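Student: Enclosed is the structure file coords_32.cif (mmCIF, C-alpha atoms).
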data_final
loop_
_atom_site.group_PDB
_atom_site.id
_atom_site.type_symbol
_atom_site.label_atom_id
_atom_site.label_comp_id
_atom_site.auth_asym_id
_atom_site.auth_seq_id
_atom_site.Cartn_x
_atom_site.Cartn_y
_atom_site.Cartn_z
ATOM 1 C CA MET A 148 0.000 0.000 0.000
ATOM 2 C CA PRO A 149 2.766 2.575 0.814
ATOM 3 C CA LEU A 150 4.302 1.885 -2.599
ATOM 4 C CA LEU A 151 0.981 2.501 -4.351
ATOM 5 C CA VAL A 152 0.483 5.762 -2.477
ATOM 6 C CA SER A 153 3.985 6.882 -3.376
ATOM 7 C CA LYS A 154 3.388 6.170 -7.058
ATOM 8 C CA TRP A 155 0.093 8.103 -6.934
ATOM 9 C CA MET A 156 1.757 11.055 -5.245
ATOM 10 C CA ALA A 157 4.571 11.032 -7.756
ATOM 11 C CA THR A 158 2.100 11.002 -10.642
ATOM 12 C CA ALA A 159 0.165 13.908 -9.115
ATOM 13 C CA LEU A 160 3.339 15.927 -8.620
ATOM 14 C CA VAL A 161 4.390 15.340 -12.219
ATOM 15 C CA ALA A 162 0.943 16.448 -13.423
ATOM 16 C CA LEU A 163 1.136 19.626 -11.353
ATOM 17 C CA PHE A 164 4.619 20.348 -12.674
ATOM 18 C CA LEU A 165 3.538 19.897 -16.278
ATOM 19 C CA ALA A 166 0.466 22.058 -15.760
ATOM 20 C CA GLY A 167 2.614 24.953 -14.555
ATOM 21 C CA PRO A 168 1.738 27.536 -11.920
ATOM 22 C CA VAL A 169 -1.930 28.310 -11.297
ATOM 23 C CA ALA A 170 -2.746 31.885 -12.293
ATOM 24 C CA ALA A 171 -4.194 33.987 -9.513
ATOM 25 C CA GLN A 172 -7.602 35.530 -10.028
ATOM 26 C CA THR A 173 -7.801 39.257 -10.653
ATOM 27 C CA LYS A 174 -10.143 40.559 -7.963
ATOM 28 C CA ILE A 175 -12.406 43.457 -8.905
ATOM 29 C CA LEU A 176 -14.163 45.281 -6.084
ATOM 30 C CA VAL A 177 -17.195 47.366 -7.051
ATOM 31 C CA ILE A 178 -18.263 49.911 -4.466
ATOM 32 C CA GLY A 179 -21.425 51.658 -5.527
ATOM 33 C CA ASP A 180 -25.083 52.364 -4.870
ATOM 34 C CA SER A 181 -28.408 51.119 -6.278
ATOM 35 C CA LEU A 182 -27.227 51.626 -9.856
ATOM 36 C CA SER A 183 -24.779 48.773 -9.285
ATOM 37 C CA ASP A 184 -26.797 46.851 -6.705
ATOM 38 C CA ALA A 185 -29.315 45.510 -9.244
ATOM 39 C CA TYR A 186 -32.081 47.541 -7.637
ATOM 40 C CA ASN A 187 -35.506 45.853 -7.644
ATOM 41 C CA MET A 188 -34.314 42.853 -9.665
ATOM 42 C CA PRO A 189 -32.388 39.611 -9.068
ATOM 43 C CA ARG A 190 -28.734 40.413 -8.461
ATOM 44 C CA GLU A 191 -27.814 37.929 -11.174
ATOM 45 C CA ALA A 192 -29.461 40.290 -13.686
ATOM 46 C CA GLY A 193 -27.281 43.274 -12.778
ATOM 47 C CA TRP A 194 -24.409 44.587 -14.856
ATOM 48 C CA ALA A 195 -21.799 43.564 -12.247
ATOM 49 C CA HIS A 196 -22.888 39.927 -12.405
ATOM 50 C CA LEU A 197 -22.907 40.103 -16.194
ATOM 51 C CA LEU A 198 -19.335 41.392 -15.997
ATOM 52 C CA SER A 199 -18.386 38.401 -13.852
ATOM 53 C CA GLU A 200 -19.909 36.040 -16.401
ATOM 54 C CA ARG A 201 -18.046 37.745 -19.229
ATOM 55 C CA LEU A 202 -14.679 37.582 -17.497
ATOM 56 C CA GLY A 203 -14.956 33.971 -16.364
ATOM 57 C CA ASP A 204 -12.800 32.182 -13.822
ATOM 58 C CA SER A 205 -9.722 34.343 -14.360
ATOM 59 C CA HIS A 206 -11.436 37.237 -12.567
ATOM 60 C CA ARG A 207 -13.546 37.550 -9.450
ATOM 61 C CA VAL A 208 -16.057 40.401 -9.237
ATOM 62 C CA ILE A 209 -16.935 41.388 -5.671
ATOM 63 C CA ASN A 210 -20.005 43.592 -5.829
ATOM 64 C CA ALA A 211 -20.062 45.506 -2.548
ATOM 65 C CA SER A 212 -22.662 47.997 -3.748
ATOM 66 C CA ILE A 213 -25.566 48.927 -1.465
ATOM 67 C CA SER A 214 -28.741 50.723 -2.473
ATOM 68 C CA GLY A 215 -28.795 54.177 -0.924
ATOM 69 C CA GLU A 216 -25.032 54.271 -0.405
ATOM 70 C CA THR A 217 -23.289 57.649 -0.188
ATOM 71 C CA THR A 218 -19.650 58.641 -0.550
ATOM 72 C CA ALA A 219 -19.403 58.850 3.254
ATOM 73 C CA GLY A 220 -20.828 55.355 3.639
ATOM 74 C CA GLY A 221 -18.509 53.959 0.996
ATOM 75 C CA LEU A 222 -15.523 55.545 2.682
ATOM 76 C CA ASN A 223 -16.501 54.064 6.038
ATOM 77 C CA ARG A 224 -16.758 50.568 4.541
ATOM 78 C CA LEU A 225 -13.717 50.585 2.294
ATOM 79 C CA ASP A 226 -10.987 49.701 4.783
ATOM 80 C CA GLY A 227 -12.847 46.583 5.837
ATOM 81 C CA LEU A 228 -13.602 45.575 2.261
ATOM 82 C CA ALA A 229 -9.995 46.095 1.185
ATOM 83 C CA ALA A 230 -8.745 44.013 4.106
ATOM 84 C CA ASP A 231 -11.228 41.225 3.419
ATOM 85 C CA PHE A 232 -10.799 40.963 -0.346
ATOM 86 C CA GLU A 233 -7.422 42.573 -1.215
ATOM 87 C CA PRO A 234 -8.721 43.801 -4.594
ATOM 88 C CA ASP A 235 -6.512 44.267 -7.626
ATOM 89 C CA VAL A 236 -9.016 46.699 -9.158
ATOM 90 C CA LEU A 237 -11.366 49.096 -7.368
ATOM 91 C CA LEU A 238 -14.325 50.558 -9.257
ATOM 92 C CA VAL A 239 -15.790 53.577 -7.472
ATOM 93 C CA ILE A 240 -19.358 54.315 -8.598
ATOM 94 C CA LEU A 241 -20.605 56.685 -5.936
ATOM 95 C CA GLY A 242 -21.996 60.167 -5.510
ATOM 96 C CA GLY A 243 -25.465 59.869 -6.992
ATOM 97 C CA ASN A 244 -27.239 59.777 -3.648
ATOM 98 C CA ASP A 245 -25.114 62.644 -2.366
ATOM 99 C CA GLY A 246 -26.050 64.720 -5.367
ATOM 100 C CA LEU A 247 -29.756 63.933 -5.203
ATOM 101 C CA ARG A 248 -29.691 65.204 -1.629
ATOM 102 C CA ALA A 249 -27.823 68.323 -2.801
ATOM 103 C CA LEU A 250 -24.985 67.650 -0.374
ATOM 104 C CA SER A 251 -21.926 69.879 -0.488
ATOM 105 C CA PRO A 252 -19.821 69.222 -3.599
ATOM 106 C CA ARG A 253 -16.741 70.044 -1.537
ATOM 107 C CA GLN A 254 -17.554 67.284 0.962
ATOM 108 C CA ILE A 255 -18.397 64.845 -1.825
ATOM 109 C CA GLU A 256 -15.020 65.523 -3.412
ATOM 110 C CA THR A 257 -13.252 65.087 -0.075
ATOM 111 C CA ASN A 258 -14.940 61.726 0.491
ATOM 112 C CA LEU A 259 -14.190 60.473 -3.011
ATOM 113 C CA ALA A 260 -10.576 61.601 -2.731
ATOM 114 C CA ALA A 261 -10.220 59.641 0.509
ATOM 115 C CA ILE A 262 -11.736 56.548 -1.144
ATOM 116 C CA ILE A 263 -9.301 56.816 -4.045
ATOM 117 C CA GLU A 264 -6.333 57.301 -1.736
ATOM 118 C CA ALA A 265 -7.344 54.307 0.367
ATOM 119 C CA GLY A 266 -7.714 52.151 -2.727
ATOM 120 C CA LEU A 267 -4.321 53.176 -4.084
ATOM 121 C CA ALA A 268 -2.719 52.639 -0.683
ATOM 122 C CA ALA A 269 -4.160 49.110 -0.689
ATOM 123 C CA GLY A 270 -2.387 48.441 -3.978
ATOM 124 C CA ALA A 271 -5.477 48.473 -6.205
ATOM 125 C CA ARG A 272 -5.819 49.997 -9.638
ATOM 126 C CA VAL A 273 -8.609 52.510 -9.092
ATOM 127 C CA ALA A 274 -11.191 53.748 -11.580
ATOM 128 C CA LEU A 275 -13.805 56.404 -10.885
ATOM 129 C CA MET A 276 -17.076 56.611 -12.771
ATOM 130 C CA GLN A 277 -18.417 59.978 -13.877
ATOM 131 C CA ILE A 278 -21.823 60.492 -12.268
ATOM 132 C CA ARG A 279 -24.469 62.722 -13.842
ATOM 133 C CA MET A 280 -27.215 64.678 -12.106
ATOM 134 C CA PRO A 281 -30.703 65.610 -13.374
ATOM 135 C CA PRO A 282 -31.029 69.257 -14.467
ATOM 136 C CA ASN A 283 -33.785 70.000 -11.967
ATOM 137 C CA LEU A 284 -31.113 70.406 -9.288
ATOM 138 C CA GLY A 285 -30.047 73.643 -10.964
ATOM 139 C CA GLN A 286 -27.283 74.265 -13.451
ATOM 140 C CA ALA A 287 -24.896 75.776 -10.899
ATOM 141 C CA TYR A 288 -25.055 72.764 -8.591
ATOM 142 C CA VAL A 289 -24.938 70.226 -11.427
ATOM 143 C CA SER A 290 -21.853 71.884 -12.909
ATOM 144 C CA ARG A 291 -20.021 71.912 -9.586
ATOM 145 C CA PHE A 292 -20.987 68.312 -8.870
ATOM 146 C CA GLU A 293 -20.067 66.852 -12.250
ATOM 147 C CA ALA A 294 -16.725 68.672 -12.333
ATOM 148 C CA ILE A 295 -15.591 66.678 -9.300
ATOM 149 C CA TYR A 296 -14.975 63.489 -11.250
ATOM 150 C CA PRO A 297 -12.592 64.557 -14.034
ATOM 151 C CA ARG A 298 -10.723 66.713 -11.533
ATOM 152 C CA LEU A 299 -10.121 63.757 -9.216
ATOM 153 C CA ALA A 300 -9.190 61.442 -12.086
ATOM 154 C CA GLU A 301 -6.578 63.941 -13.254
ATOM 155 C CA ARG A 302 -5.285 64.617 -9.736
ATOM 156 C CA TYR A 303 -4.666 60.957 -8.992
ATOM 157 C CA GLY A 304 -3.870 59.744 -12.495
ATOM 158 C CA ILE A 305 -6.665 57.178 -12.496
ATOM 159 C CA SER A 306 -9.156 56.061 -15.133
ATOM 160 C CA LEU A 307 -12.373 58.043 -15.495
ATOM 161 C CA LEU A 308 -15.140 55.675 -16.562
ATOM 162 C CA PRO A 309 -18.089 57.009 -18.578
ATOM 163 C CA PHE A 310 -21.477 57.205 -16.884
ATOM 164 C CA PHE A 311 -23.148 53.987 -17.945
ATOM 165 C CA LEU A 312 -26.631 55.503 -18.149
ATOM 166 C CA ASP A 313 -25.712 58.155 -20.707
ATOM 167 C CA ASP A 314 -27.885 57.716 -23.813
ATOM 168 C CA LEU A 315 -30.242 55.332 -21.981
ATOM 169 C CA PHE A 316 -32.525 57.793 -20.198
ATOM 170 C CA ASP A 317 -34.583 58.561 -23.302
ATOM 171 C CA GLN A 318 -34.737 55.030 -24.687
ATOM 172 C CA PRO A 319 -38.034 53.149 -24.177
ATOM 173 C CA GLY A 320 -37.893 50.396 -21.569
ATOM 174 C CA MET A 321 -34.500 51.357 -20.182
ATOM 175 C CA MET A 322 -35.583 53.169 -17.020
ATOM 176 C CA MET A 323 -37.978 52.213 -14.237
ATOM 177 C CA ALA A 324 -41.023 54.332 -13.476
ATOM 178 C CA ASP A 325 -39.036 56.425 -10.981
ATOM 179 C CA GLY A 326 -36.856 57.718 -13.819
ATOM 180 C CA ILE A 327 -33.710 57.029 -11.796
ATOM 181 C CA HIS A 328 -33.085 53.293 -11.815
ATOM 182 C CA PRO A 329 -32.315 51.220 -14.905
ATOM 183 C CA THR A 330 -34.382 48.177 -15.832
ATOM 184 C CA ILE A 331 -33.237 44.608 -16.355
ATOM 185 C CA GLU A 332 -33.179 45.288 -20.085
ATOM 186 C CA ALA A 333 -30.722 48.149 -19.541
ATOM 187 C CA GLN A 334 -28.123 46.099 -17.653
ATOM 188 C CA PRO A 335 -26.343 44.547 -20.678
ATOM 189 C CA LEU A 336 -26.226 47.961 -22.359
ATOM 190 C CA MET A 337 -24.710 49.499 -19.237
ATOM 191 C CA LEU A 338 -21.949 46.913 -19.325
ATOM 192 C CA GLU A 339 -21.332 47.501 -23.033
ATOM 193 C CA ARG A 340 -20.989 51.234 -22.436
ATOM 194 C CA LEU A 341 -18.534 50.600 -19.618
ATOM 195 C CA TRP A 342 -16.529 47.850 -21.288
ATOM 196 C CA PRO A 343 -14.188 49.810 -23.629
ATOM 197 C CA ALA A 344 -12.853 51.868 -20.709
ATOM 198 C CA LEU A 345 -12.864 48.944 -18.290
ATOM 199 C CA GLU A 346 -11.155 46.296 -20.401
ATOM 200 C CA PRO A 347 -7.681 47.934 -20.502
ATOM 201 C CA LEU A 348 -7.801 48.376 -16.728
ATOM 202 C CA LEU A 349 -8.444 44.664 -16.208
ATOM 203 C CA ASP A 350 -5.668 43.641 -18.596
ATOM 204 C CA ASP A 351 -3.060 45.862 -16.920
#
Spell out the structure here as structure tokens.

Tutor:
Amino acid sequence: MPLLVSKWMATALVALFLAGPVAAQTKILVIGDSLSDAYNMPREAGWAHLLSERLGDSHRVINASISGETTAGGLNRLDGLAADFEPDVLLVILGGNDGLRALSPRQIETNLAAIIEAGLAAGARVALMQIRMPPNLGQAYVSRFEAIYPRLAERYGISLLPFFLDDLFDQPGMMMADGIHPTIEAQPLMLERLWPALEPLLDD
């Protein structure tokens, strides 16, 4: 029996050697709000899950998005998430709830900057999504809010991802009755809009 075990172990070791080293998964942490949390639909229908399916076993998508999340909430959670998952890529998709509450753009920018710095300090490649606001908040506020994102991307030298709902608001069937949240039908289109900017980041 010991001889048989030894032969089996030797065969297994040879197979492992021939197979070569096992590639580590690239871990992608998504920290966002209801736009990424598959609001009012099965989570498997959301764009983040569709991204996981597209990437396959070589990548792991950790969707830590929570409906109603703010930049302050995301900042408070990030240290724990980074420690738990040690992400290679951090996608920051936050600010919409701050803006809808007309919170101070200065504070929003401070929170997002701290999130970016924490992600970079954890060794992740960080990307920030541009967030858009409805015009009924007033042009002055919308301009100040939307200027935060390119300014931070330039300051930290990180990727600025396009807002994945651009061009979908006016398309039939793409938005829920509240006019804020995308439908199940919109999720694949959101991923397609995001993909050209996201793909180079994942292949880095």

Student: Care to translate the PyMOL selection byres ((chain A and resi 205) around 9) into actual residues of this file, as a PDB file with C-alpha atoms, in the frame of the given file?

Tutor:
ATOM      1  CA  ALA A 170      -2.746  31.885 -12.293  1.00  0.00           C
ATOM      2  CA  ALA A 171      -4.194  33.987  -9.513  1.00  0.00           C
ATOM      3  CA  GLN A 172      -7.602  35.530 -10.028  1.00  0.00           C
ATOM      4  CA  THR A 173      -7.801  39.257 -10.653  1.00  0.00           C
ATOM      5  CA  LYS A 174     -10.143  40.559  -7.963  1.00  0.00           C
ATOM      6  CA  LEU A 202     -14.679  37.582 -17.497  1.00  0.00           C
ATOM      7  CA  GLY A 203     -14.956  33.971 -16.364  1.00  0.00           C
ATOM      8  CA  ASP A 204     -12.800  32.182 -13.822  1.00  0.00           C
ATOM      9  CA  HIS A 206     -11.436  37.237 -12.567  1.00  0.00           C
ATOM     10  CA  ARG A 207     -13.546  37.550  -9.450  1.00  0.00           C
TER      11      ARG A 207
END

Student: What lies within 12 Å of region 211-227 of chain A using only C-alpha atoms, ignoring chain neighbours under 2 positions off, as a ChimeraX atom specification?

Tutor: /A:175-187,190,193-196,208-209,229-234,237-269,328

Student: Between A:Gln277, A:Asn283, A:Ser290, A:Asn210, which is the closest to Leu341 (chain A) once you count only C-alpha atoms?

Tutor: A:Gln277

Student: Residues picked by the PyMOL selection byres ((chain A and resi 349) around 9) here, as a short mmCIF file (atom, residue, chain, number, x, y, z; two decimals) with C-alpha atoms, keeping the file's coordinate frame?

Tutor:
data_model
loop_
_atom_site.label_atom_id
_atom_site.label_comp_id
_atom_site.auth_asym_id
_atom_site.auth_seq_id
_atom_site.Cartn_x
_atom_site.Cartn_y
_atom_site.Cartn_z
CA THR A 173 -7.80 39.26 -10.65
CA ILE A 175 -12.41 43.46 -8.90
CA HIS A 206 -11.44 37.24 -12.57
CA ASP A 235 -6.51 44.27 -7.63
CA VAL A 236 -9.02 46.70 -9.16
CA ARG A 272 -5.82 50.00 -9.64
CA LEU A 345 -12.86 48.94 -18.29
CA GLU A 346 -11.16 46.30 -20.40
CA PRO A 347 -7.68 47.93 -20.50
CA LEU A 348 -7.80 48.38 -16.73
CA ASP A 350 -5.67 43.64 -18.60
CA ASP A 351 -3.06 45.86 -16.92
#

Student: Kindly give the distance, in Å, that separates CA of Ile278 (chain A) and CA of Met337 (chain A), rounded to a single decimal.

Tutor: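 Pair CA of Ile278 (chain A) / CA of Met337 (chain A) returns 13.3 Å.
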
Student: To test your reading of the syntax: which residues would the PyMOL selection byres ((chain A and resi 293) around 8) return for the file shown? Reply as a list in words.

Tutor: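 When the PyMOL selection byres ((chain A and resi 293) around 8) is applied to the shown file, the picked residues are Gln277, Ile278, Arg279, Met280, Val289, Ser290, Arg291, Phe292, Ala294, Ile295 and Tyr296 of chain A.
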
Student: Restricted to C-alpha atoms, what would the selected residues look like written as a PDB file, in the coordinates of the input?

Tutor:
ATOM      1  CA  GLN A 277     -18.417  59.978 -13.877  1.00  0.00           C
ATOM      2  CA  ILE A 278     -21.823  60.492 -12.268  1.00  0.00           C
ATOM      3  CA  ARG A 279     -24.469  62.722 -13.842  1.00  0.00           C
ATOM      4  CA  MET A 280     -27.215  64.678 -12.106  1.00  0.00           C
ATOM      5  CA  VAL A 289     -24.938  70.226 -11.427  1.00  0.00           C
ATOM      6  CA  SER A 290     -21.853  71.884 -12.909  1.00  0.00           C
ATOM      7  CA  ARG A 291     -20.021  71.912  -9.586  1.00  0.00           C
ATOM      8  CA  PHE A 292     -20.987  68.312  -8.870  1.00  0.00           C
ATOM      9  CA  ALA A 294     -16.725  68.672 -12.333  1.00  0.00           C
ATOM     10  CA  ILE A 295     -15.591  66.678  -9.300  1.00  0.00           C
ATOM     11  CA  TYR A 296     -14.975  63.489 -11.250  1.00  0.00           C
TER      12      TYR A 296
END

Student: In terms of the shortest atom-to-atom distance over all atoms listed in the file, which of A:Arg201, A:Trp342, A:Leu228, A:Ala192 is closest to Leu308 (chain A)?

Tutor: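 Once distances to Leu308 (chain A) are computed over all atoms listed in the file, the minimum belongs to A:Trp342.
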
Student: For Ala344 (chain A), work out the shell of residues within 9 Å, counting only C-alpha atoms and skipping chain neighbours fewer than 6 positions away, then give it as a PDB file with C-alpha atoms, in the frame of the given file.

Tutor:
ATOM      1  CA  SER A 306      -9.156  56.061 -15.133  1.00  0.00           C
ATOM      2  CA  LEU A 307     -12.373  58.043 -15.495  1.00  0.00           C
ATOM      3  CA  LEU A 308     -15.140  55.675 -16.562  1.00  0.00           C
ATOM      4  CA  PRO A 309     -18.089  57.009 -18.578  1.00  0.00           C
TER       5      PRO A 309
END

Student: To one decimal place in Å, what is the distance between CA of Ala287 (chain A) and CA of Val273 (chain A)?

Tutor: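 CA of Val273 (chain A) lies at a distance of 28.5 Å from CA of Ala287 (chain A).
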
Student: Some atoms are missing, so please complete region 180-211 of chain A with N, CA and C atoms and return it as a compact mmCIF listing (two decimals), in the frame of the given file.

Tutor:
# COMPACT_ATOMS: atom_id res chain seq x y z
N ASP A 180 -23.76 52.20 -5.46
CA ASP A 180 -25.08 52.36 -4.87
C ASP A 180 -26.09 51.51 -5.64
N SER A 181 -27.36 51.94 -5.66
CA SER A 181 -28.41 51.12 -6.28
C SER A 181 -28.20 50.91 -7.77
N LEU A 182 -27.47 51.79 -8.43
CA LEU A 182 -27.23 51.63 -9.86
C LEU A 182 -26.37 50.39 -10.13
N SER A 183 -25.62 49.96 -9.14
CA SER A 183 -24.78 48.77 -9.28
C SER A 183 -25.27 47.61 -8.44
N ASP A 184 -26.29 47.86 -7.63
CA ASP A 184 -26.80 46.85 -6.70
C ASP A 184 -27.98 46.07 -7.28
N ALA A 185 -28.20 46.21 -8.59
CA ALA A 185 -29.32 45.51 -9.24
C ALA A 185 -30.63 45.81 -8.52
N TYR A 186 -30.91 47.08 -8.38
CA TYR A 186 -32.08 47.54 -7.64
C TYR A 186 -33.37 46.97 -8.20
N ASN A 187 -34.17 46.35 -7.32
CA ASN A 187 -35.51 45.85 -7.64
C ASN A 187 -35.49 44.77 -8.72
N MET A 188 -34.41 43.97 -8.72
CA MET A 188 -34.31 42.85 -9.66
C MET A 188 -33.37 41.83 -9.06
N PRO A 189 -33.36 40.59 -9.56
CA PRO A 189 -32.39 39.61 -9.07
C PRO A 189 -30.97 40.11 -9.30
N ARG A 190 -30.10 39.91 -8.32
CA ARG A 190 -28.73 40.41 -8.46
C ARG A 190 -28.02 39.80 -9.67
N GLU A 191 -28.43 38.60 -10.02
CA GLU A 191 -27.81 37.93 -11.17
C GLU A 191 -28.12 38.65 -12.48
N ALA A 192 -29.11 39.55 -12.47
CA ALA A 192 -29.46 40.29 -13.69
C ALA A 192 -28.67 41.59 -13.82
N GLY A 193 -27.97 42.00 -12.77
CA GLY A 193 -27.28 43.27 -12.78
C GLY A 193 -26.02 43.27 -13.62
N TRP A 194 -25.57 44.47 -13.97
CA TRP A 194 -24.41 44.59 -14.86
C TRP A 194 -23.15 43.99 -14.22
N ALA A 195 -23.01 44.08 -12.89
CA ALA A 195 -21.80 43.56 -12.25
C ALA A 195 -21.73 42.04 -12.36
N HIS A 196 -22.87 41.37 -12.23
CA HIS A 196 -22.89 39.93 -12.40
C HIS A 196 -22.64 39.56 -13.87
N LEU A 197 -23.17 40.35 -14.77
CA LEU A 197 -22.91 40.10 -16.19
C LEU A 197 -21.43 40.28 -16.51
N LEU A 198 -20.78 41.23 -15.83
CA LEU A 198 -19.34 41.39 -16.00
C LEU A 198 -18.60 40.15 -15.52
N SER A 199 -19.01 39.61 -14.37
CA SER A 199 -18.39 38.40 -13.85
C SER A 199 -18.53 37.25 -14.83
N GLU A 200 -19.70 37.10 -15.42
CA GLU A 200 -19.91 36.04 -16.40
C GLU A 200 -19.04 36.24 -17.63
N ARG A 201 -18.87 37.47 -18.05
CA ARG A 201 -18.05 37.74 -19.23
C ARG A 201 -16.58 37.43 -18.97
N LEU A 202 -16.10 37.74 -17.79
CA LEU A 202 -14.68 37.58 -17.50
C LEU A 202 -14.30 36.14 -17.19
N GLY A 203 -15.23 35.38 -16.64
CA GLY A 203 -14.96 33.97 -16.36
C GLY A 203 -14.11 33.77 -15.11
N ASP A 204 -13.49 32.59 -15.04
CA ASP A 204 -12.80 32.18 -13.82
C ASP A 204 -11.51 32.94 -13.57
N SER A 205 -10.98 33.62 -14.55
CA SER A 205 -9.72 34.34 -14.36
C SER A 205 -9.90 35.61 -13.53
N HIS A 206 -11.14 36.04 -13.34
CA HIS A 206 -11.44 37.24 -12.57
C HIS A 206 -12.53 36.92 -11.54
N ARG A 207 -12.48 37.64 -10.46
CA ARG A 207 -13.55 37.55 -9.45
C ARG A 207 -14.10 38.94 -9.21
N VAL A 208 -15.40 39.11 -9.45
CA VAL A 208 -16.06 40.40 -9.24
C VAL A 208 -16.74 40.37 -7.88
N ILE A 209 -16.32 41.25 -6.99
CA ILE A 209 -16.93 41.39 -5.67
C ILE A 209 -17.80 42.64 -5.69
N ASN A 210 -19.09 42.45 -5.75
CA ASN A 210 -20.00 43.59 -5.83
C ASN A 210 -20.43 43.99 -4.42
N ALA A 211 -19.78 45.03 -3.91
CA ALA A 211 -20.06 45.51 -2.55
C ALA A 211 -20.98 46.72 -2.57
